[in-house]
file start23.txt (compact mmCIF, C-alpha atoms)
# COMPACT_ATOMS: atom_id res chain seq x y z
CA MET A 1 -56.55 -60.72 12.59
CA ALA A 2 -53.93 -60.02 9.91
CA GLU A 3 -50.87 -58.10 11.00
CA ARG A 4 -49.99 -54.98 9.03
CA PRO A 5 -46.42 -53.69 8.88
CA LEU A 6 -45.71 -50.43 10.61
CA PRO A 7 -44.77 -47.56 8.29
CA HIS A 8 -41.17 -46.40 8.46
CA GLY A 9 -39.20 -43.53 6.99
CA GLY A 10 -39.69 -40.79 9.54
CA SER A 11 -41.65 -39.72 12.61
CA ARG A 12 -45.42 -39.73 12.60
CA VAL A 13 -47.37 -36.77 13.93
CA ASP A 14 -50.38 -37.66 16.04
CA THR A 15 -53.28 -35.81 14.43
CA ALA A 16 -55.21 -35.78 17.71
CA ASP A 17 -52.30 -34.04 19.41
CA PRO A 18 -50.09 -32.26 16.82
CA GLY A 19 -47.62 -31.32 19.53
CA TRP A 20 -46.70 -34.96 20.11
CA VAL A 21 -44.49 -36.88 17.67
CA LEU A 22 -44.94 -40.67 17.62
CA ASP A 23 -42.01 -43.03 17.51
CA PRO A 24 -42.06 -44.26 13.87
CA ALA A 25 -41.45 -47.82 15.08
CA ALA A 26 -43.96 -47.79 17.95
CA ALA A 27 -46.35 -50.74 18.11
CA LEU A 28 -49.86 -51.04 19.55
CA LEU A 29 -50.80 -54.50 20.81
CA LEU A 30 -54.40 -55.38 21.71
CA VAL A 31 -54.72 -58.46 23.93
CA GLU A 32 -58.41 -59.38 23.95
CA ASP A 33 -60.09 -62.80 23.54
CA ASP A 34 -63.53 -61.46 22.61
CA ALA A 35 -63.79 -60.65 18.89
CA GLY A 36 -66.62 -58.18 19.43
CA ASP A 37 -64.69 -56.23 22.05
CA ALA A 38 -61.61 -56.29 19.84
CA LEU A 39 -63.59 -54.80 16.93
CA LEU A 40 -65.01 -52.13 19.23
CA VAL A 41 -61.53 -51.14 20.45
CA ARG A 42 -60.14 -50.98 16.88
CA GLU A 43 -63.02 -48.81 15.66
CA THR A 44 -62.68 -46.52 18.67
CA LEU A 45 -58.95 -46.17 17.99
CA THR A 46 -59.69 -45.27 14.37
CA ASP A 47 -62.12 -42.56 15.52
CA SER A 48 -59.53 -41.22 17.99
CA GLY A 49 -57.25 -40.06 15.17
CA LEU A 50 -54.29 -41.94 16.66
CA SER A 51 -51.91 -42.81 13.83
CA MET A 52 -50.85 -46.30 14.89
CA ASP A 53 -51.39 -49.78 13.50
CA VAL A 54 -52.93 -52.40 15.78
CA THR A 55 -51.85 -56.00 16.30
CA TRP A 56 -54.50 -58.25 17.88
CA ARG A 57 -53.72 -61.29 20.02
CA LYS A 58 -56.36 -63.45 21.77
CA THR A 59 -54.24 -64.98 24.54
CA LEU A 60 -51.42 -63.84 26.76
CA ALA A 61 -49.18 -66.59 25.40
CA GLU A 62 -49.62 -65.19 21.87
CA ALA A 63 -49.02 -61.68 23.19
CA ARG A 64 -45.77 -62.75 24.88
CA LEU A 65 -44.50 -64.24 21.62
CA PHE A 66 -45.18 -60.90 19.91
CA LEU A 67 -43.49 -58.91 22.67
CA ALA A 68 -40.43 -61.18 22.67
CA ARG A 69 -39.56 -60.61 19.04
CA PRO A 70 -37.27 -57.73 18.03
CA GLY A 71 -38.60 -54.78 16.06
CA ALA A 72 -40.66 -52.14 17.81
CA SER A 73 -38.61 -49.72 19.90
CA SER A 74 -41.66 -48.93 22.04
CA VAL A 75 -44.93 -50.80 22.60
CA CYS A 76 -48.27 -49.92 24.14
CA VAL A 77 -50.31 -52.94 25.26
CA LEU A 78 -54.09 -52.65 25.56
CA LEU A 79 -54.65 -55.51 27.99
CA ASP A 80 -57.88 -57.28 28.97
CA LEU A 81 -57.60 -58.73 32.47
CA HIS A 82 -59.80 -61.75 31.66
CA LEU A 83 -58.03 -63.99 29.19
CA PRO A 84 -58.26 -67.74 28.56
CA ASP A 85 -54.76 -68.39 29.92
CA THR A 86 -54.55 -65.85 32.77
CA GLN A 87 -56.71 -63.74 35.05
CA GLY A 88 -56.38 -60.41 36.84
CA LEU A 89 -53.09 -58.82 37.84
CA ASP A 90 -51.08 -61.84 36.72
CA ALA A 91 -51.61 -60.62 33.15
CA VAL A 92 -49.95 -57.29 33.98
CA ARG A 93 -47.10 -59.09 35.72
CA GLN A 94 -46.43 -61.37 32.76
CA VAL A 95 -46.48 -58.51 30.24
CA ARG A 96 -44.01 -56.53 32.36
CA GLU A 97 -41.87 -59.64 32.79
CA GLU A 98 -41.71 -60.21 29.03
CA ARG A 99 -41.29 -56.57 28.03
CA PRO A 100 -40.37 -54.30 30.99
CA ASP A 101 -40.29 -51.22 28.76
CA ALA A 102 -43.85 -51.72 27.43
CA ALA A 103 -46.56 -49.21 28.33
CA VAL A 104 -49.69 -50.97 29.59
CA VAL A 105 -53.28 -49.72 29.49
CA VAL A 106 -55.68 -52.14 31.19
CA LEU A 107 -59.19 -52.64 29.75
CA THR A 108 -61.73 -53.42 32.48
CA GLY A 109 -65.43 -53.90 32.91
CA LEU A 110 -67.59 -51.03 34.03
CA ALA A 111 -67.73 -52.33 37.62
CA GLU A 112 -64.01 -53.09 37.88
CA LYS A 113 -62.58 -49.75 38.94
CA GLU A 114 -60.78 -51.33 41.88
CA ALA A 115 -59.17 -53.87 39.57
CA GLY A 116 -58.01 -51.05 37.31
CA LEU A 117 -56.49 -49.15 40.21
CA ALA A 118 -54.78 -52.32 41.42
CA ALA A 119 -53.35 -52.83 37.89
CA VAL A 120 -51.88 -49.32 37.92
CA ALA A 121 -50.36 -50.03 41.31
CA ALA A 122 -48.87 -53.21 39.81
CA GLY A 123 -47.15 -51.26 37.03
CA ALA A 124 -49.75 -50.40 34.38
CA GLN A 125 -49.77 -46.81 33.12
CA ASP A 126 -53.59 -46.40 32.97
CA PHE A 127 -56.92 -48.24 32.88
CA LEU A 128 -60.18 -47.74 30.95
CA ALA A 129 -63.62 -49.33 31.09
CA LYS A 130 -64.52 -51.05 27.80
CA ASP A 131 -68.22 -50.22 28.21
CA GLY A 132 -68.91 -46.84 26.65
CA LEU A 133 -65.32 -46.49 25.44
CA ASP A 134 -64.70 -42.94 24.23
CA PRO A 135 -62.36 -42.28 21.23
CA GLU A 136 -60.82 -39.21 22.82
CA ALA A 137 -60.26 -40.96 26.15
CA LEU A 138 -58.75 -44.03 24.48
CA GLY A 139 -56.44 -42.02 22.25
CA ARG A 140 -55.33 -39.88 25.17
CA ALA A 141 -54.72 -42.95 27.35
CA VAL A 142 -52.49 -44.56 24.69
CA ARG A 143 -50.55 -41.36 24.05
CA TYR A 144 -50.04 -40.60 27.72
CA ALA A 145 -49.12 -44.20 28.54
CA LEU A 146 -46.37 -44.15 25.90
CA GLN A 147 -45.17 -40.75 27.10
CA ARG A 148 -45.16 -41.79 30.74
CA LYS A 149 -43.23 -44.94 29.91
CA GLN A 150 -40.73 -42.95 27.87
CA VAL A 151 -40.22 -40.53 30.76
CA GLU A 152 -39.84 -43.49 33.13
CA ARG A 153 -37.26 -45.13 30.83
CA SER A 154 -35.35 -41.88 30.41
CA ALA A 155 -35.30 -41.26 34.16
CA ALA A 156 -34.08 -44.81 34.78
CA GLU A 157 -31.35 -44.43 32.14
CA VAL A 158 -30.21 -41.12 33.62
CA GLN A 159 -30.11 -42.59 37.10
CA ALA A 160 -28.22 -45.67 35.90
CA ALA A 161 -25.73 -43.47 34.06
CA ARG A 162 -25.23 -41.35 37.19
CA LEU A 163 -24.65 -44.41 39.36
CA LEU A 164 -22.23 -45.88 36.81
CA ALA A 165 -20.35 -42.59 36.50
CA ARG A 166 -20.16 -42.30 40.29
CA GLU A 167 -18.80 -45.83 40.64
CA ASN A 168 -16.33 -45.32 37.80
CA ALA A 169 -15.14 -42.07 39.36
CA ARG A 170 -14.70 -43.77 42.74
CA LEU A 171 -12.76 -46.62 41.13
CA GLU A 172 -10.58 -44.33 39.04
CA ARG A 173 -9.77 -42.05 41.98
CA GLY A 174 -8.66 -45.13 43.89
CA LEU A 175 -6.33 -46.07 41.03
CA LEU A 176 -4.63 -42.67 40.78
CA PRO A 177 -1.25 -42.61 42.56
CA VAL A 178 -0.46 -41.11 45.94
CA PRO A 179 3.27 -40.26 46.10
CA LEU A 180 5.17 -42.16 48.80
CA LEU A 181 7.60 -39.64 50.34
CA ARG A 182 9.52 -40.31 53.54
CA SER A 183 11.35 -37.02 54.05
CA GLN A 184 10.78 -33.29 53.71
CA GLY A 185 13.44 -32.86 51.06
CA LEU A 186 11.22 -33.01 47.98
CA ARG A 187 7.84 -31.86 46.73
CA VAL A 188 5.72 -33.47 44.04
CA PHE A 189 3.17 -31.71 41.84
CA SER A 190 1.12 -33.26 39.05
CA ARG A 191 -1.67 -32.77 36.56
CA TYR A 192 -3.67 -35.53 34.88
CA ARG A 193 -6.06 -34.97 32.01
CA PRO A 194 -7.51 -38.05 30.25
CA GLY A 195 -8.41 -37.74 26.58
CA ARG A 196 -11.65 -39.76 26.95
CA ASP A 197 -14.82 -37.81 27.72
CA HIS A 198 -16.26 -38.28 31.23
CA ALA A 199 -13.19 -40.23 32.38
CA LEU A 200 -10.76 -39.65 35.21
CA LEU A 201 -8.19 -42.17 34.07
CA GLY A 202 -6.46 -42.75 30.74
CA GLY A 203 -3.56 -44.80 29.42
CA ASP A 204 -0.98 -42.36 30.83
CA PHE A 205 0.43 -43.15 34.26
CA PHE A 206 3.00 -41.84 36.76
CA ASP A 207 4.16 -42.50 40.28
CA VAL A 208 6.76 -41.34 42.82
CA VAL A 209 8.37 -43.36 45.63
CA GLU A 210 11.11 -42.44 48.08
CA THR A 211 12.68 -45.62 49.44
CA THR A 212 14.01 -46.00 52.98
CA ASP A 213 17.58 -45.18 51.91
CA GLY A 214 16.43 -41.74 50.69
CA THR A 215 16.57 -42.50 46.96
CA LEU A 216 13.80 -40.82 44.98
CA HIS A 217 12.25 -42.95 42.22
CA ALA A 218 9.78 -41.66 39.65
CA VAL A 219 8.09 -43.10 36.57
CA ILE A 220 5.92 -41.68 33.83
CA GLY A 221 4.47 -43.71 30.98
CA ASP A 222 1.97 -43.77 28.16
CA VAL A 223 0.12 -46.86 26.91
CA SER A 224 -0.83 -46.61 23.24
CA GLY A 225 -4.55 -46.12 22.66
CA HIS A 226 -7.25 -44.32 24.62
CA GLY A 227 -9.78 -46.86 25.93
CA ALA A 228 -10.56 -48.45 29.27
CA ALA A 229 -8.32 -51.45 28.47
CA GLU A 230 -5.36 -49.12 27.93
CA ALA A 231 -6.13 -47.32 31.19
CA ALA A 232 -6.21 -50.66 33.02
CA LEU A 233 -2.87 -51.65 31.50
CA GLY A 234 -1.36 -48.34 32.59
CA VAL A 235 -2.52 -48.95 36.16
CA CYS A 236 -1.06 -52.47 36.02
CA LEU A 237 2.35 -51.12 34.94
CA ARG A 238 2.33 -48.38 37.57
CA VAL A 239 1.49 -50.78 40.40
CA ALA A 240 4.11 -53.24 39.16
CA TRP A 241 6.68 -50.44 39.04
CA ARG A 242 5.95 -49.40 42.64
CA ALA A 243 6.11 -52.96 43.93
CA ALA A 244 9.39 -53.57 42.12
CA VAL A 245 10.98 -50.35 43.41
CA LEU A 246 9.98 -51.12 46.98
CA THR A 247 11.66 -54.51 46.71
CA GLY A 248 14.91 -53.01 45.42
CA CYS A 249 14.53 -53.59 41.66
CA VAL A 250 15.95 -50.59 39.76
CA GLY A 251 17.61 -49.63 36.50
CA LEU A 252 17.77 -52.05 33.59
CA ALA A 253 16.30 -54.92 35.62
CA LEU A 254 13.23 -52.79 36.30
CA VAL A 255 12.72 -51.92 32.62
CA ARG A 256 13.04 -55.59 31.68
CA LEU A 257 10.44 -56.46 34.30
CA LEU A 258 7.99 -53.85 32.95
CA GLU A 259 8.58 -55.14 29.42
CA GLU A 260 7.74 -58.67 30.54
CA ILE A 261 4.62 -57.55 32.42
CA LEU A 262 3.34 -55.51 29.48
CA ARG A 263 3.69 -58.46 27.10
CA ALA A 264 1.89 -60.72 29.57
CA GLU A 265 -0.95 -58.33 30.42
CA ARG A 266 -1.79 -56.57 27.15
CA GLY A 267 -4.95 -57.74 25.45
CA GLU A 268 -3.71 -57.04 21.92
CA GLU A 269 -0.29 -57.61 20.39
CA TYR A 270 -0.16 -54.11 18.94
CA LEU A 271 -0.32 -52.38 22.35
CA PHE A 272 2.92 -50.83 23.58
CA ALA A 273 4.02 -48.31 26.20
CA THR A 274 6.58 -45.55 26.40
CA VAL A 275 8.24 -45.04 29.78
CA THR A 276 10.75 -42.77 31.50
CA LEU A 277 12.35 -43.91 34.76
CA LEU A 278 14.09 -41.42 37.05
CA ARG A 279 16.26 -42.12 40.09
CA LEU A 280 17.76 -39.37 42.24
CA ASP A 281 20.50 -40.47 44.62
CA PRO A 282 19.98 -39.99 48.37
CA ASP A 283 22.56 -37.17 48.44
CA ARG A 284 20.81 -35.61 45.40
CA GLY A 285 24.16 -35.65 43.63
CA ARG A 286 23.22 -37.69 40.54
CA LEU A 287 20.11 -38.12 38.37
CA HIS A 288 19.71 -41.48 36.62
CA THR A 289 17.40 -41.57 33.60
CA ILE A 290 16.18 -44.42 31.39
CA ARG A 291 13.94 -43.63 28.43
CA ALA A 292 11.96 -46.34 26.62
CA GLY A 293 10.59 -44.50 23.61
CA HIS A 294 9.36 -41.66 25.84
CA PRO A 295 9.81 -37.88 25.31
CA GLY A 296 12.59 -35.92 27.01
CA LEU A 297 12.21 -33.99 30.24
CA LEU A 298 12.50 -30.40 31.39
CA VAL A 299 15.28 -29.68 33.87
CA ARG A 300 15.51 -26.36 35.68
CA THR A 301 18.76 -25.14 37.19
CA GLY A 302 19.89 -21.75 38.41
CA LEU A 303 20.75 -20.93 34.77
CA GLY A 304 17.25 -21.60 33.46
CA THR A 305 15.17 -24.41 31.96
CA GLU A 306 16.51 -26.90 29.41
CA LEU A 307 15.14 -29.87 27.48
CA TYR A 308 17.12 -32.93 28.60
CA GLU A 309 17.04 -35.82 26.11
CA PRO A 310 19.37 -38.67 27.08
CA ALA A 311 19.75 -41.52 24.60
CA PRO A 312 16.53 -43.56 24.44
CA GLY A 313 15.78 -47.23 23.93
CA PRO A 314 12.68 -48.62 22.18
CA ALA A 315 9.21 -48.45 23.68
CA LEU A 316 8.10 -51.44 25.73
CA GLY A 317 6.45 -54.20 23.72
CA VAL A 318 7.73 -53.02 20.31
CA VAL A 319 10.90 -55.05 19.65
CA PRO A 320 10.59 -58.77 20.48
CA GLY A 321 13.54 -60.03 22.49
CA HIS A 322 14.99 -56.58 23.17
CA ASP A 323 16.55 -56.43 26.64
CA HIS A 324 18.80 -53.36 26.80
CA TRP A 325 17.97 -49.75 27.49
CA PRO A 326 20.74 -47.20 28.14
CA GLU A 327 20.87 -45.45 31.51
CA ALA A 328 22.06 -41.84 31.50
CA VAL A 329 23.63 -40.28 34.60
CA ARG A 330 24.11 -36.55 35.07
CA PRO A 331 25.18 -34.37 38.01
CA ALA A 332 22.18 -33.17 39.95
CA ALA A 333 23.58 -30.76 42.52
CA ASP A 334 22.48 -27.81 40.40
CA ILE A 335 19.00 -29.19 39.59
CA GLU A 336 16.14 -27.30 41.20
CA ALA A 337 13.29 -29.15 39.54
CA VAL A 338 12.54 -31.82 36.95
CA THR A 339 9.34 -31.95 34.88
CA VAL A 340 8.36 -35.08 32.97
CA PHE A 341 5.30 -35.34 30.73
CA THR A 342 3.55 -37.50 28.17
CA ASP A 343 3.32 -36.64 24.48
CA GLY A 344 -0.28 -35.44 24.79
CA LEU A 345 1.15 -32.20 26.19
CA PHE A 346 3.06 -31.23 23.04
CA GLU A 347 1.44 -33.09 20.13
CA GLY A 348 -1.52 -30.72 19.80
CA VAL A 349 -1.82 -28.67 16.61
CA VAL A 350 -1.09 -24.95 17.11
CA ALA A 351 -1.22 -23.81 13.47
CA PRO A 352 -2.22 -25.40 10.16
CA GLY A 353 0.12 -28.33 9.61
CA ARG A 354 2.20 -27.58 12.72
CA ARG A 355 2.23 -29.22 16.14
CA LEU A 356 3.61 -27.58 19.27
CA GLY A 357 6.46 -30.09 19.63
CA GLU A 358 8.95 -30.43 22.45
CA ASP A 359 10.79 -27.26 21.45
CA GLY A 360 7.49 -25.39 21.58
CA LEU A 361 6.81 -26.80 25.03
CA LEU A 362 10.26 -25.64 26.17
CA GLU A 363 9.36 -22.17 24.93
CA VAL A 364 6.13 -22.27 26.96
CA ALA A 365 8.03 -23.37 30.07
CA ARG A 366 10.58 -20.59 29.69
CA ALA A 367 7.76 -18.08 29.29
CA HIS A 368 6.58 -19.07 32.79
CA THR A 369 9.98 -19.11 34.47
CA GLU A 370 8.62 -17.04 37.35
CA LEU A 371 6.22 -19.81 38.40
CA ARG A 372 6.95 -22.68 40.77
CA GLY A 373 5.30 -25.95 41.77
CA GLN A 374 1.63 -26.50 40.95
CA ALA A 375 1.32 -23.03 39.44
CA LEU A 376 3.92 -23.95 36.84
CA VAL A 377 2.30 -27.32 36.06
CA ASP A 378 -1.12 -25.73 35.63
CA ALA A 379 0.28 -22.92 33.48
CA LEU A 380 1.95 -25.42 31.13
CA VAL A 381 -1.25 -27.38 30.59
CA GLU A 382 -3.53 -24.36 30.31
CA GLU A 383 -1.34 -22.45 27.87
CA VAL A 384 -0.88 -25.47 25.62
CA ALA A 385 -4.64 -26.03 25.74
CA SER A 386 -5.29 -22.40 24.76
CA ARG A 387 -2.80 -22.57 21.89
CA THR A 388 -4.44 -25.70 20.48
CA VAL A 389 -8.10 -24.88 21.11
CA GLU A 390 -8.75 -23.70 17.53
CA TYR A 391 -7.35 -26.95 16.15
CA GLY A 392 -9.04 -29.58 18.28
CA GLY A 393 -7.47 -28.86 21.66
CA LEU A 394 -5.80 -31.51 23.81
CA ALA A 395 -7.34 -34.66 22.36
CA ASP A 396 -4.82 -37.12 23.84
CA ASP A 397 -4.24 -38.10 27.46
CA VAL A 398 -1.96 -35.65 29.28
CA ALA A 399 0.13 -36.37 32.37
CA VAL A 400 2.62 -33.96 33.92
CA LEU A 401 4.84 -34.74 36.92
CA HIS A 402 6.97 -32.02 38.52
CA LEU A 403 9.60 -32.86 41.14
CA ALA A 404 11.04 -29.94 43.08
CA THR A 405 13.55 -29.77 45.90
CA ARG A 406 12.94 -27.79 49.05
CA THR A 407 15.82 -25.55 47.92
CA GLU A 408 14.04 -24.81 44.65
CA GLY A 409 15.24 -21.42 43.55
CA ALA A 410 13.12 -18.35 44.06
CA PRO A 411 11.67 -16.65 40.98
CA PRO A 412 14.18 -14.34 39.28

call {"tool": "encode", "arguments": {"input": "start23.txt", "output": "structure tokens"}}
result
Amino acid sequence: MAERPLPHGGSRVDTADPGWVLDPAAALLLVEDDAGDALLVRETLTDSGLSMDVTWRKTLAEARLFLARPGASSVCVLLDLHLPDTQGLDAVRQVREERPDAAVVVLTGLAEKEAGLAAVAAGAQDFLAKDGLDPEALGRAVRYALQRKQVERSAAEVQAARLLARENARLERGLLPVPLLRSQGLRVFSRYRPGRDHALLGGDFFDVVETTDGTLHAVIGDVSGHGAAEAALGVCLRVAWRAAVLTGCVGLALVRLLEEILRAERGEEYLFATVTLLRLDPDRGRLHTIRAGHPGLLVRTGLGTELYEPAPGPALGVVPGHDHWPEAVRPAADIEAVTVFTDGLFEGVVAPGRRLGEDGLLEVARAHTELRGQALVDALVEEVASRTVEYGGLADDVAVLHLATRTEGAPP
């Protein structure tokens, strides 16, 4: 039987059931070795009003070759159980093995009801007796088989997506940091908001460790880009930072180590990372800061909140051979809290042609001077989000880390 190309260029409406729209690329495959039965099935399909072309194959081997080729997005197989190269339920098994997403309607003899039921139990969508084949029944069986298979595929896809999302969420939660604090002298608050939809983890990262001598160490960073690879690189840098700090590596040696790790671990040469390292002495008398291409930080004292921007060095991975980043030291006895953040918090557009900027973020922080701890962190993120919502919102990853002493001043 000659094969006719399926029509394309839009959906086809089934004239027997106007409420059902056929897939424009759907294929109907008849697997039948008897020419007379094949002619009967084709004529019955024509009388059913089903708007589908039919491809006829005489053996299961020929049918498998048809099913294996690309093209049709969905296929309904009208399958005789008595073929020259297979018999019974093995035919159903082989069709499902070759094309798991194919809908199968088994064609049986009049006295083979049990075989038809067994075929349905083996994965077919329906069965019909060839003797006395009715156009309406055949058309309905094909339509319903395709619909059932589509529902089955959709349900499987939804379930697979749910399982994948659950596993990803479990993995990402495990990769988020848990601050390591050894005393009651400090409190840590944070907010993490990845730019990717349905993600818990982005390229931004942060961590806090208090070593046994009472020194508080903190890091915040931002890997360029927004994909899963960037998120993985951010996790790699954070874990490397924690391991290094716990072994006594600090200051310039630590930045050099992170630079080396980034160059070794990044998948693409263009990837880089901005980082800010903080170190607060055990007596809380001095704050050490190293910036590698990263934004400044908010420092709150008894006199109010200021934007602290010590001299920066280049971002990690940008300048080949660079090995020096300046370390700034400032008195910390008057510091009540320090807030570090990634650029996603202030780069949102708040008016045509104007981004919020670091000065705008400082203004937002000062507007919430009465808030402390997590309330302040949440207020910063939510207000920036509300200011940018008309212009695309917070499209980039956002990380905020707030370090507050137990003597943090009361609201004025």

call {"tool": "closest_residue", "arguments": {"input": "start23.txt", "among": "A:Val31, A:Val208, A:Ala404, A:Ala292", "to": "Phe272 in chain A", "atoms": "only C-alpha atoms"}}
result
A:Ala292

call {"tool": "closest_residue", "arguments": {"input": "start23.txt", "among": "A:Leu45, A:Val275, A:Asp33, A:Val178", "to": "Glu62 in chain A", "atoms": "only C-alpha atoms"}}
result
A:Asp33

call {"tool": "closest_residue", "arguments": {"input": "start23.txt", "among": "A:Asp134, A:Glu114, A:Asp281, A:Asp359", "to": "Arg330 in chain A", "atoms": "only C-alpha atoms"}}
result
A:Asp281

call {"tool": "closest_residue", "arguments": {"input": "start23.txt", "among": "A:Ser190, A:Thr305, A:Thr276, A:Thr369", "to": "Trp325 in chain A", "atoms": "only C-alpha atoms"}}
result
A:Thr276

call {"tool": "closest_residue", "arguments": {"input": "start23.txt", "among": "A:Val219, A:Ala129, A:Val398, A:Leu39", "to": "Gly203 in chain A", "atoms": "all atoms listed in the file"}}
result
A:Val398

call {"tool": "closest_residue", "arguments": {"input": "start23.txt", "among": "A:Arg300, A:Arg256, A:Arg69, A:Arg143", "to": "Leu371 in chain A", "atoms": "only C-alpha atoms"}}
result
A:Arg300

call {"tool": "atom_distance", "arguments": {"input": "start23.txt", "atom1": "CA of Leu138 in chain A", "atom2": "CA of Arg99 in chain A"}}
result
21.8 Å

call {"tool": "atom_distance", "arguments": {"input": "start23.txt", "atom1": "CA of Ala264 in chain A", "atom2": "CA of Trp241 in chain A"}}
result
14.8 Å

call {"tool": "atom_distance", "arguments": {"input": "start23.txt", "atom1": "CA of Gly221 in chain A", "atom2": "CA of Asp334 in chain A"}}
result
25.8 Å

call {"tool": "residues_around", "arguments": {"input": "start23.txt", "residues": "Arg153 in chain A", "least_positions_apart": "5", "cutoff": "12 Å", "atoms": "only C-alpha atoms", "output": "list of chain:residue names"}}
result
A:Ser73, A:Ser74, A:Pro100, A:Asp101, A:Ala102, A:Ala103, A:Leu146, A:Gln147, A:Arg148, A:Val158, A:Gln159, A:Ala160

call {"tool": "residues_near_point", "arguments": {"input": "start23.txt", "point": "(-4.2, -42.4, 31.9)", "cutoff": "9 Å", "atoms": "all atoms listed in the file", "output": "ChimeraX atom specification"}}
result
/A:176,192-195,200-206,221-223,226,230-232,234-235,397-399

call {"tool": "residues_around", "arguments": {"input": "start23.txt", "residues": "Asp47 in chain A", "least_positions_apart": "4", "cutoff": "10 Å", "atoms": "only C-alpha atoms", "output": "number ranges by chain"}}
result
A: 16, 41-43, 134-136, 138-139

call {"tool": "residues_around", "arguments": {"input": "start23.txt", "residues": "Tyr391 in chain A", "least_positions_apart": "5", "cutoff": "9 Å", "atoms": "all atoms listed in the file", "output": "NGL selection string"}}
result
:A and (348-352)

call {"tool": "build_atoms", "arguments": {"input": "start23.txt", "residues": "range 287-298 of chain A", "atoms": "N, CA and C atoms", "output": "tab-separated table (two decimals), in the coordinates of the input"}}
result
chain	number	residue	atom	x	y	z
A	287	LEU	N	21.43	-37.78	38.92
A	287	LEU	CA	20.11	-38.12	38.37
A	287	LEU	C	20.30	-39.22	37.33
A	288	HIS	N	19.66	-40.36	37.55
A	288	HIS	CA	19.71	-41.48	36.62
A	288	HIS	C	18.43	-41.47	35.79
A	289	THR	N	18.56	-41.61	34.48
A	289	THR	CA	17.40	-41.57	33.60
A	289	THR	C	17.46	-42.71	32.59
A	290	ILE	N	16.33	-43.41	32.45
A	290	ILE	CA	16.18	-44.42	31.39
A	290	ILE	C	14.92	-44.07	30.61
A	291	ARG	N	15.09	-43.95	29.29
A	291	ARG	CA	13.94	-43.63	28.43
A	291	ARG	C	13.65	-44.82	27.51
A	292	ALA	N	12.41	-45.28	27.54
A	292	ALA	CA	11.96	-46.34	26.62
A	292	ALA	C	10.94	-45.73	25.67
A	293	GLY	N	11.46	-45.09	24.62
A	293	GLY	CA	10.59	-44.50	23.61
A	293	GLY	C	9.81	-43.28	24.07
A	294	HIS	N	10.13	-42.76	25.26
A	294	HIS	CA	9.36	-41.66	25.84
A	294	HIS	C	10.02	-40.31	25.52
A	295	PRO	N	9.23	-39.21	25.55
A	295	PRO	CA	9.81	-37.88	25.31
A	295	PRO	C	10.87	-37.52	26.35
A	296	GLY	N	11.59	-36.42	26.07
A	296	GLY	CA	12.59	-35.92	27.01
A	296	GLY	C	11.93	-35.30	28.22
A	297	LEU	N	12.72	-34.61	29.03
A	297	LEU	CA	12.21	-33.99	30.24
A	297	LEU	C	12.76	-32.58	30.39
A	298	LEU	N	12.05	-31.76	31.12
A	298	LEU	CA	12.50	-30.40	31.39
A	298	LEU	C	13.26	-30.38	32.71
